[in-house]
Amino acid sequence: MTDATIVGTRVGVSDAVSRVSTGLFIDGEWVESISGERFDVIAPATEEVVATVANGNADDARRAIETCARVQKQWAKTAPRERSVILRRAYELIMERQDEFATIMTTEMGKPFAEAKGEVAYAAEFFRWFSEEAVRIGGDVTSTGDGATRILVSKEPVGPCVLVTPWNFPLAMGTRKIGPAIAAGCTIVFKPSELTPLTSLALVDVLVEAGVPKGVLNVVPTTAPGEVVSTWMSSGIARKISFTGSTAVGVRLLEQASQHVMRSSMELGGNAPFIVFEDADLDRAVDGALAAKMRNMGEACTAANRIFVQRAVADRFTEKLTARMDALAVGDGLVEGTQVGPLVEEKALTKVERLVADAVERGARVVCGGSRPEGPGYFYPPTVLADVSKDAALMSEEIFGPVAPIVVFDTEDEVVEIANNTPWGLAGYIFTQDVDRSFRVSEALEIGMVGLNTGIVSNPAAPFGGIKASGLGREGSTIGIDEFLEVKYVAVPRR
């Protein structure tokens with residue numbers, strides 16, 4: 001731990017965690033894996049085992065996807081209002097249990113309790129949003145150019161969906177995918193991350209209580225994700241894959257999806273540029289940098305990965321950001337007052353250490369942080385690096401940790417070229433008070449989402465997603481449900 005570690009009142013853990021069902025959820029029932037195997041869930045703040053969860057395999061996966069096939073037609077026929085009511089009730093139940101969900105999430109993932117509560121509200125909003133979209137699935141009626149034929153266009157559920165979520169936002173990533181699938185009338189097989197399965201399993205109980213019918217939602221936690229997901233992808237039953245995770249895994253899933261021409265949504269890696277121009281409001285830029293960098297301890301695909309600051313204001317920005325980063329309280333997320341929790345696992349911590357060491361070896365200067373504290377837990381302190389070389393590894397790899405590398409630039413053209421020099425294109429941030437520059441740079445950046453004078457771009461009402469190696473499709477917004485719908489056209493001759 002560092003000197004900033006908090007010592008205070010700890011939120012209760014045992015009751016919230018012990019109430020979570022820890023089996024597989026298939027065909028409306030909690031069951032053990034056919035193998036009988038279970039796996040441990042580790043608390044990253046203490047490195048202690050907090051639960052064991054049923055470990056699904058290919059046989060379990062096969063049963064889950066076959067359940068989807070059996071109930072899909074009947075579920076697709078349900079009234080949109082019925083699906084809307086289920087999602088609205090699920091939203092209300094999550095909001096009633098904010099503290100419980102936040103406790104579970106902090107226990108297994110590490111983020112501070114206050115931040116976890118923020119995620120709970122954000123996650124619940126996807127259910128409320130898509131409860132409203134469920135009754136607005138529309139179509140169109142028009143005619144051919146010669147007027148001889150009516151064109152009737154309708155939208156129908158795509159069919160059974162494979163949903164795969166990561167560990168960093170264990171509740172929000174689930175609701176962001178499950179919400180539109182239910183709203184559209186699709187059945188679901190869902191694989192949460194093996195690092196954070198408890199939050200997703202707690203969500204299942206909420207959905208069942210909200211009225212999701214037997215067989216519509218099937219959940220298979222596993223430590224063999226390739227085996228389970230490949231079984232679904234090769235089944236010939238699944239018609240849609242929605243995945244959030246690394247680009248490398250996304251590419252493999254797209255290859256598998258091509259075998260059955262499955263609809264695919266991919267939210268993959270990021271390498272977000274955070275650009276501060278000399279005319280920026282520096283205090284606002286620092287606030288934005290903290291939000292874009294330190295949300296979730298930097299463990300987010302939208303996190304500011306490369307911070308570019310124009311030379312005239314680089315020293316002042318670095319000084320202000322360092323003061324704010326160095327003052328953040330590091331500790332167990334369940335302890336009151338903690339602002340920065342541990343990273344999710346030892347592997348994540350080792351990666352951050354490697355990237356910082358590489359940057360320093362290439363000339364970077366550690367302004368604050370920079371070394372792992374002693375003691376249990378996967379902690380790394382908020383770190384600012386100045387004089388970062390453009391060829392440092394962290395300029396081309398996602399850091400996924402609380403490290404802010406600062407690179408100085410001189411001209412607008414220069415920074416746009418550097419910012420775009422990456423395979424990824426998820427999110428980016430621009431701080432300037434020049435209106436023309438705001439639009440010019442926003443349009444020039446090869447990314448799917450731009451934060452203009454703000455460090456937060458995620459919202460259920462916004463179309464979340466990227467371009468290039470950062471993925472396909474969009475989640476949230478009025479268009480998020482379209483990813484789960486097929487378009488059908490009927491030609492009706494006029495007589």
# chains A, B, ... in the order shown; residues from 1 in each chain; ligands from 1
call {"tool": "residues_around", "arguments": {"residues": "Val31 (chain A)", "least_positions_apart": "2", "cutoff": "12 Å", "atoms": "only C-alpha atoms", "output": "number ranges by chain"}}
result
A: 21-29, 33-38, 53-56, 60, 63-64, 218-221
call {"tool": "select_by_dssp", "arguments": {"residues": "region 366-416 of chain A", "states": "strand (DSSP E)", "output": "PyMOL selection string"}}
result
chain A and resi 366-368+383-386+403-409
call {"tool": "write_last_selection", "arguments": {"atoms": "N, CA, C and O atoms", "output": "mmCIF file, in the first residue's frame"}}
result
data_model
loop_
_atom_site.group_PDB
_atom_site.id
_atom_site.type_symbol
_atom_site.label_atom_id
_atom_site.label_comp_id
_atom_site.auth_asym_id
_atom_site.auth_seq_id
_atom_site.Cartn_x
_atom_site.Cartn_y
_atom_site.Cartn_z
ATOM 1 N N VAL A 366 9.127 9.857 -14.367
ATOM 2 C CA VAL A 366 8.031 9.582 -13.444
ATOM 3 C C VAL A 366 7.811 10.809 -12.568
ATOM 4 O O VAL A 366 8.679 11.190 -11.780
ATOM 5 N N VAL A 367 6.648 11.437 -12.709
ATOM 6 C CA VAL A 367 6.339 12.647 -11.946
ATOM 7 C C VAL A 367 5.646 12.297 -10.628
ATOM 8 O O VAL A 367 5.859 12.947 -9.604
ATOM 9 N N CYS A 368 4.819 11.273 -10.647
ATOM 10 C CA CYS A 368 4.248 10.746 -9.398
ATOM 11 C C CYS A 368 3.915 9.282 -9.608
ATOM 12 O O CYS A 368 3.738 8.824 -10.734
ATOM 13 N N THR A 383 -0.294 7.319 -11.562
ATOM 14 C CA THR A 383 1.050 7.618 -12.047
ATOM 15 C C THR A 383 0.986 8.592 -13.217
ATOM 16 O O THR A 383 0.167 8.424 -14.131
ATOM 17 N N VAL A 384 1.851 9.590 -13.178
ATOM 18 C CA VAL A 384 1.995 10.525 -14.292
ATOM 19 C C VAL A 384 3.399 10.384 -14.855
ATOM 20 O O VAL A 384 4.383 10.419 -14.106
ATOM 21 N N LEU A 385 3.493 10.214 -16.157
ATOM 22 C CA LEU A 385 4.767 10.134 -16.854
ATOM 23 C C LEU A 385 4.898 11.320 -17.798
ATOM 24 O O LEU A 385 4.006 11.569 -18.625
ATOM 25 N N ALA A 386 5.987 12.067 -17.682
ATOM 26 C CA ALA A 386 6.266 13.183 -18.588
ATOM 27 C C ALA A 386 7.374 12.787 -19.556
ATOM 28 O O ALA A 386 8.075 11.787 -19.347
ATOM 29 N N VAL A 403 -2.277 5.001 -15.263
ATOM 30 C CA VAL A 403 -1.041 5.635 -15.722
ATOM 31 C C VAL A 403 -1.358 6.649 -16.812
ATOM 32 O O VAL A 403 -1.992 6.305 -17.817
ATOM 33 N N ALA A 404 -0.922 7.883 -16.613
ATOM 34 C CA ALA A 404 -1.183 8.972 -17.553
ATOM 35 C C ALA A 404 0.116 9.384 -18.233
ATOM 36 O O ALA A 404 0.925 10.112 -17.645
ATOM 37 N N PRO A 405 0.358 8.944 -19.470
ATOM 38 C CA PRO A 405 1.571 9.324 -20.202
ATOM 39 C C PRO A 405 1.341 10.618 -20.983
ATOM 40 O O PRO A 405 0.383 10.726 -21.750
ATOM 41 N N ILE A 406 2.197 11.598 -20.785
ATOM 42 C CA ILE A 406 2.025 12.901 -21.432
ATOM 43 C C ILE A 406 3.064 13.074 -22.539
ATOM 44 O O ILE A 406 4.268 12.922 -22.319
ATOM 45 N N VAL A 407 2.573 13.413 -23.726
ATOM 46 C CA VAL A 407 3.411 13.646 -24.898
ATOM 47 C C VAL A 407 3.172 15.079 -25.371
ATOM 48 O O VAL A 407 2.025 15.508 -25.525
ATOM 49 N N VAL A 408 4.233 15.819 -25.595
ATOM 50 C CA VAL A 408 4.132 17.211 -26.035
ATOM 51 C C VAL A 408 4.054 17.265 -27.560
ATOM 52 O O VAL A 408 4.740 16.516 -28.260
ATOM 53 N N PHE A 409 3.184 18.146 -28.080
ATOM 54 C CA PHE A 409 3.108 18.352 -29.524
ATOM 55 C C PHE A 409 3.138 19.840 -29.833
ATOM 56 O O PHE A 409 2.915 20.678 -28.952
#
call {"tool": "residues_around", "arguments": {"residues": "Ile137 (chain A)", "least_positions_apart": "6", "cutoff": "10 Å", "atoms": "only C-alpha atoms", "output": "list in words"}}
result
Pro80, Ser154, Lys155, Glu156, Ala183, Ala184, Thr478, Ile481, Asp482 and Leu485 of chain A
call {"tool": "select_by_dssp", "arguments": {"residues": "region 247-360 of chain A", "states": "alpha helix (DSSP H)", "output": "MDAnalysis selection string"}}
result
chainID A and resid 247:258 282:294 311:326 346:360
call {"tool": "closest_residue", "arguments": {"among": "A:Arg440, A:Arg128, A:Arg19, A:Arg81", "to": "Gly476 (chain A)", "atoms": "only C-alpha atoms"}}
result
A:Arg128
call {"tool": "closest_residue", "arguments": {"among": "A:Glu475, A:Asp358, A:Glu483, A:Glu32", "to": "Ala462 (chain A)", "atoms": "only C-alpha atoms"}}
result
A:Glu475
call {"tool": "closest_residue", "arguments": {"among": "A:Lys214, A:Arg437, A:Arg284, A:Arg70", "to": "Thr454 (chain A)", "atoms": "only C-alpha atoms"}}
result
A:Arg284
call {"tool": "closest_residue", "arguments": {"among": "A:Thr46, A:Ser18, A:Ser235, A:Ser438", "to": "Glu345 (chain A)", "atoms": "only C-alpha atoms"}}
result
A:Thr46
call {"tool": "closest_residue", "arguments": {"among": "A:Met95, A:Leu321, A:Val120, A:Ile151", "to": "Arg494 (chain A)", "atoms": "only C-alpha atoms"}}
result
A:Ile151
call {"tool": "residues_around", "arguments": {"residues": "Cys301 (chain A)", "least_positions_apart": "4", "cutoff": "12 Å", "atoms": "only C-alpha atoms", "output": "short mmCIF file (atom, residue, chain, number, x, y, z; two decimals) with N, CA and C atoms, in the first residue's frame"}}
result
data_model
loop_
_atom_site.label_atom_id
_atom_site.label_comp_id
_atom_site.auth_asym_id
_atom_site.auth_seq_id
_atom_site.Cartn_x
_atom_site.Cartn_y
_atom_site.Cartn_z
N PRO A 166 -17.07 -8.50 -20.76
CA PRO A 166 -15.79 -8.44 -20.05
C PRO A 166 -15.99 -8.22 -18.56
N TRP A 167 -14.87 -8.10 -17.86
CA TRP A 167 -14.89 -7.98 -16.40
C TRP A 167 -14.93 -6.54 -15.91
N ASN A 168 -14.58 -5.57 -16.75
CA ASN A 168 -14.33 -4.23 -16.22
C ASN A 168 -15.60 -3.45 -15.85
N PHE A 169 -16.70 -3.71 -16.56
CA PHE A 169 -18.00 -3.14 -16.18
C PHE A 169 -19.00 -4.30 -16.14
N THR A 244 -17.84 -7.94 -26.29
CA THR A 244 -16.99 -6.83 -25.85
C THR A 244 -15.72 -7.44 -25.26
N GLY A 245 -14.58 -7.03 -25.80
CA GLY A 245 -13.31 -7.58 -25.34
C GLY A 245 -12.18 -7.19 -26.27
N SER A 246 -11.15 -7.99 -26.31
CA SER A 246 -9.96 -7.66 -27.08
C SER A 246 -10.18 -7.83 -28.57
N THR A 247 -9.42 -7.08 -29.35
CA THR A 247 -9.51 -7.18 -30.80
C THR A 247 -9.12 -8.58 -31.28
N GLU A 267 -17.40 -4.73 -29.81
CA GLU A 267 -16.81 -3.56 -29.15
C GLU A 267 -15.45 -4.01 -28.65
N LEU A 268 -14.41 -3.59 -29.36
CA LEU A 268 -13.09 -4.17 -29.15
C LEU A 268 -12.15 -3.16 -28.49
N GLY A 269 -10.85 -3.30 -28.73
CA GLY A 269 -9.87 -2.49 -28.01
C GLY A 269 -9.89 -1.02 -28.38
N GLY A 270 -9.20 -0.24 -27.60
CA GLY A 270 -9.09 1.19 -27.86
C GLY A 270 -7.68 1.70 -27.60
N ASN A 271 -7.41 2.90 -28.07
CA ASN A 271 -6.13 3.58 -27.82
C ASN A 271 -6.40 5.07 -27.84
N ALA A 272 -7.29 5.51 -26.94
CA ALA A 272 -7.87 6.83 -27.03
C ALA A 272 -6.85 7.96 -26.87
N PRO A 273 -6.84 8.90 -27.83
CA PRO A 273 -6.04 10.11 -27.67
C PRO A 273 -6.80 11.14 -26.84
N ALA A 292 -11.47 10.76 -17.82
CA ALA A 292 -11.18 9.86 -18.94
C ALA A 292 -10.09 8.85 -18.61
N LYS A 293 -9.19 9.20 -17.68
CA LYS A 293 -8.08 8.31 -17.35
C LYS A 293 -8.40 7.42 -16.16
N MET A 294 -9.00 7.99 -15.12
CA MET A 294 -9.09 7.29 -13.84
C MET A 294 -10.42 6.59 -13.59
N ARG A 295 -11.39 6.78 -14.48
CA ARG A 295 -12.61 6.00 -14.33
C ARG A 295 -12.25 4.52 -14.35
N ASN A 296 -12.69 3.80 -13.34
CA ASN A 296 -12.45 2.36 -13.29
C ASN A 296 -10.96 2.03 -13.18
N MET A 297 -10.19 2.93 -12.52
CA MET A 297 -8.74 2.76 -12.40
C MET A 297 -8.03 2.69 -13.75
N ASN A 305 -5.63 6.90 -23.25
CA ASN A 305 -4.42 6.08 -23.27
C ASN A 305 -3.18 6.89 -23.60
N GLU A 397 -0.11 0.16 -26.99
CA GLU A 397 -0.85 -0.86 -26.24
C GLU A 397 -1.80 -0.19 -25.26
N GLU A 398 -2.96 -0.81 -25.05
CA GLU A 398 -3.86 -0.31 -24.01
C GLU A 398 -3.21 -0.50 -22.65
N ILE A 399 -3.13 0.55 -21.88
CA ILE A 399 -2.50 0.46 -20.56
C ILE A 399 -3.40 -0.29 -19.59
N PHE A 400 -4.68 0.04 -19.59
CA PHE A 400 -5.66 -0.56 -18.69
C PHE A 400 -5.19 -0.46 -17.23
N GLY A 401 -4.76 0.73 -16.86
CA GLY A 401 -4.32 0.99 -15.51
C GLY A 401 -4.21 2.48 -15.28
N TRP A 424 -6.59 1.19 -33.88
CA TRP A 424 -7.85 1.31 -33.16
C TRP A 424 -8.53 2.66 -33.41
N GLY A 425 -9.82 2.70 -33.16
CA GLY A 425 -10.55 3.94 -33.36
C GLY A 425 -11.84 3.97 -32.56
N LEU A 426 -11.73 3.81 -31.25
CA LEU A 426 -12.92 3.77 -30.40
C LEU A 426 -13.33 5.17 -29.95
N ALA A 427 -12.54 5.77 -29.08
CA ALA A 427 -12.91 7.07 -28.51
C ALA A 427 -11.71 8.01 -28.52
N GLY A 428 -11.99 9.29 -28.33
CA GLY A 428 -10.94 10.29 -28.20
C GLY A 428 -11.51 11.54 -27.57
N MET A 449 -16.21 7.87 -31.38
CA MET A 449 -16.80 8.73 -30.36
C MET A 449 -15.80 9.81 -29.96
N VAL A 457 -17.86 9.91 -22.43
CA VAL A 457 -18.65 9.78 -23.66
C VAL A 457 -19.75 8.73 -23.55
N SER A 458 -19.73 7.92 -22.51
CA SER A 458 -20.68 6.80 -22.40
C SER A 458 -22.02 7.27 -21.85
N PHE A 464 -22.81 3.90 -28.77
CA PHE A 464 -21.46 3.53 -28.32
C PHE A 464 -20.84 2.55 -29.31
N GLY A 465 -19.61 2.86 -29.76
CA GLY A 465 -18.91 1.94 -30.65
C GLY A 465 -17.80 2.65 -31.40
N GLY A 466 -16.97 1.86 -32.08
CA GLY A 466 -15.81 2.42 -32.75
C GLY A 466 -15.69 1.98 -34.19
N SER A 470 -11.40 -1.28 -33.67
CA SER A 470 -12.17 -1.14 -32.43
C SER A 470 -13.58 -1.70 -32.54
N GLY A 471 -13.96 -2.20 -33.72
CA GLY A 471 -15.21 -2.93 -33.72
C GLY A 471 -16.19 -2.63 -34.82
#
call {"tool": "residues_around", "arguments": {"residues": "Ile42 (chain A)", "least_positions_apart": "5", "cutoff": "12 Å", "atoms": "only C-alpha atoms", "output": "ChimeraX atom specification"}}
result
/A:47-53,104-110,194-198,343-346,377-378
call {"tool": "closest_residue", "arguments": {"among": "A:Gly139, A:Gly185, A:Pro382, A:Gly250", "to": "Gly331 (chain A)", "atoms": "only C-alpha atoms"}}
result
A:Pro382
call {"tool": "atom_distance", "arguments": {"atom1": "CA of Leu207 (chain A)", "atom2": "CA of Pro112 (chain A)"}}
result
25.4 Å
call {"tool": "atom_distance", "arguments": {"atom1": "CA of Asp413 (chain A)", "atom2": "CA of Val286 (chain A)"}}
result
22.8 Å
call {"tool": "atom_distance", "arguments": {"atom1": "CA of Ile86 (chain A)", "atom2": "CA of Ile188 (chain A)"}}
result
15.1 Å
call {"tool": "residues_around", "arguments": {"residues": "Ala224 (chain A)", "least_positions_apart": "2", "cutoff": "8 Å", "atoms": "only C-alpha atoms", "output": "list in words"}}
result
Gly56, Asn57, Thr222, Gly226, Glu227 and Val228 of chain A
call {"tool": "residues_around", "arguments": {"residues": "Val261 (chain A)", "least_positions_apart": "5", "cutoff": "10 Å", "atoms": "only C-alpha atoms", "output": "PyMOL selection string"}}
result
chain A and resi 236+239-240+254-256
call {"tool": "decode", "arguments": {"residues": "region 187-200 of chain A", "atoms": "all heavy atoms", "output": "compact mmCIF listing (two decimals), in the first residue's frame"}}
result
# COMPACT_ATOMS: atom_id res chain seq x y z
N THR A 187 -33.90 -14.72 -27.85
CA THR A 187 -33.42 -15.53 -26.74
C THR A 187 -31.91 -15.37 -26.61
O THR A 187 -31.24 -14.92 -27.54
CB THR A 187 -33.79 -17.01 -26.95
OG1 THR A 187 -33.29 -17.44 -28.23
CG2 THR A 187 -35.28 -17.20 -26.89
N ILE A 188 -31.37 -15.78 -25.45
CA ILE A 188 -30.01 -15.38 -25.10
C ILE A 188 -29.23 -16.54 -24.49
O ILE A 188 -29.73 -17.24 -23.60
CB ILE A 188 -30.05 -14.23 -24.08
CG1 ILE A 188 -30.71 -12.98 -24.67
CG2 ILE A 188 -28.65 -13.90 -23.55
CD1 ILE A 188 -31.18 -11.99 -23.62
N VAL A 189 -27.97 -16.70 -24.94
CA VAL A 189 -26.96 -17.42 -24.17
C VAL A 189 -25.90 -16.38 -23.81
O VAL A 189 -25.43 -15.63 -24.66
CB VAL A 189 -26.35 -18.61 -24.94
CG1 VAL A 189 -27.31 -19.78 -24.97
CG2 VAL A 189 -25.91 -18.23 -26.34
N PHE A 190 -25.53 -16.35 -22.55
CA PHE A 190 -24.72 -15.27 -22.00
C PHE A 190 -23.54 -15.84 -21.25
O PHE A 190 -23.71 -16.68 -20.36
CB PHE A 190 -25.61 -14.42 -21.09
CG PHE A 190 -24.92 -13.35 -20.30
CD1 PHE A 190 -23.84 -12.64 -20.80
CD2 PHE A 190 -25.38 -13.02 -19.02
CE1 PHE A 190 -23.22 -11.64 -20.05
CE2 PHE A 190 -24.78 -12.03 -18.27
CZ PHE A 190 -23.69 -11.34 -18.79
N LYS A 191 -22.32 -15.40 -21.63
CA LYS A 191 -21.13 -15.80 -20.90
C LYS A 191 -20.48 -14.57 -20.27
O LYS A 191 -19.87 -13.76 -20.96
CB LYS A 191 -20.11 -16.49 -21.81
CG LYS A 191 -18.94 -17.12 -21.00
CD LYS A 191 -17.65 -17.17 -21.78
CE LYS A 191 -16.94 -15.85 -21.88
NZ LYS A 191 -16.45 -15.32 -20.57
N PRO A 192 -20.58 -14.42 -18.96
CA PRO A 192 -19.87 -13.33 -18.28
C PRO A 192 -18.40 -13.69 -18.10
O PRO A 192 -18.00 -14.85 -18.25
CB PRO A 192 -20.59 -13.24 -16.94
CG PRO A 192 -21.05 -14.64 -16.67
CD PRO A 192 -21.39 -15.22 -18.02
N SER A 193 -17.59 -12.71 -17.75
CA SER A 193 -16.18 -12.97 -17.50
C SER A 193 -16.01 -13.87 -16.28
O SER A 193 -16.71 -13.73 -15.27
CB SER A 193 -15.43 -11.66 -17.26
OG SER A 193 -14.12 -11.90 -16.78
N GLU A 194 -15.04 -14.77 -16.37
CA GLU A 194 -14.73 -15.64 -15.23
C GLU A 194 -14.12 -14.88 -14.07
O GLU A 194 -14.09 -15.37 -12.93
CB GLU A 194 -13.80 -16.78 -15.66
CG GLU A 194 -12.43 -16.35 -16.12
CD GLU A 194 -12.36 -16.09 -17.61
OE1 GLU A 194 -13.39 -15.71 -18.21
OE2 GLU A 194 -11.26 -16.25 -18.19
N LEU A 195 -13.62 -13.65 -14.32
CA LEU A 195 -13.06 -12.85 -13.23
C LEU A 195 -14.15 -12.19 -12.39
O LEU A 195 -13.95 -11.93 -11.20
CB LEU A 195 -12.12 -11.77 -13.79
CG LEU A 195 -10.85 -12.26 -14.48
CD1 LEU A 195 -10.08 -11.09 -15.07
CD2 LEU A 195 -9.98 -13.06 -13.52
N THR A 196 -15.30 -11.91 -13.01
CA THR A 196 -16.37 -11.19 -12.31
C THR A 196 -17.74 -11.79 -12.60
O THR A 196 -18.65 -11.09 -13.07
CB THR A 196 -16.37 -9.70 -12.72
OG1 THR A 196 -16.51 -9.63 -14.16
CG2 THR A 196 -15.11 -8.99 -12.29
N PRO A 197 -17.95 -13.06 -12.30
CA PRO A 197 -19.24 -13.68 -12.64
C PRO A 197 -20.36 -13.33 -11.67
O PRO A 197 -21.54 -13.43 -12.02
CB PRO A 197 -18.92 -15.17 -12.57
CG PRO A 197 -17.85 -15.27 -11.53
CD PRO A 197 -17.00 -14.03 -11.72
N LEU A 198 -20.03 -12.95 -10.44
CA LEU A 198 -21.06 -12.81 -9.41
C LEU A 198 -22.05 -11.70 -9.72
O LEU A 198 -23.25 -11.84 -9.50
CB LEU A 198 -20.40 -12.56 -8.05
CG LEU A 198 -19.44 -13.64 -7.56
CD1 LEU A 198 -18.79 -13.24 -6.23
CD2 LEU A 198 -20.15 -14.98 -7.43
N THR A 199 -21.57 -10.58 -10.24
CA THR A 199 -22.47 -9.47 -10.57
C THR A 199 -23.46 -9.91 -11.64
O THR A 199 -24.66 -9.61 -11.55
CB THR A 199 -21.66 -8.27 -11.07
OG1 THR A 199 -20.68 -7.90 -10.10
CG2 THR A 199 -22.56 -7.08 -11.33
N SER A 200 -22.98 -10.63 -12.64
CA SER A 200 -23.87 -11.11 -13.72
C SER A 200 -24.87 -12.12 -13.19
O SER A 200 -26.04 -12.12 -13.61
CB SER A 200 -23.03 -11.73 -14.83
OG SER A 200 -22.16 -10.79 -15.41
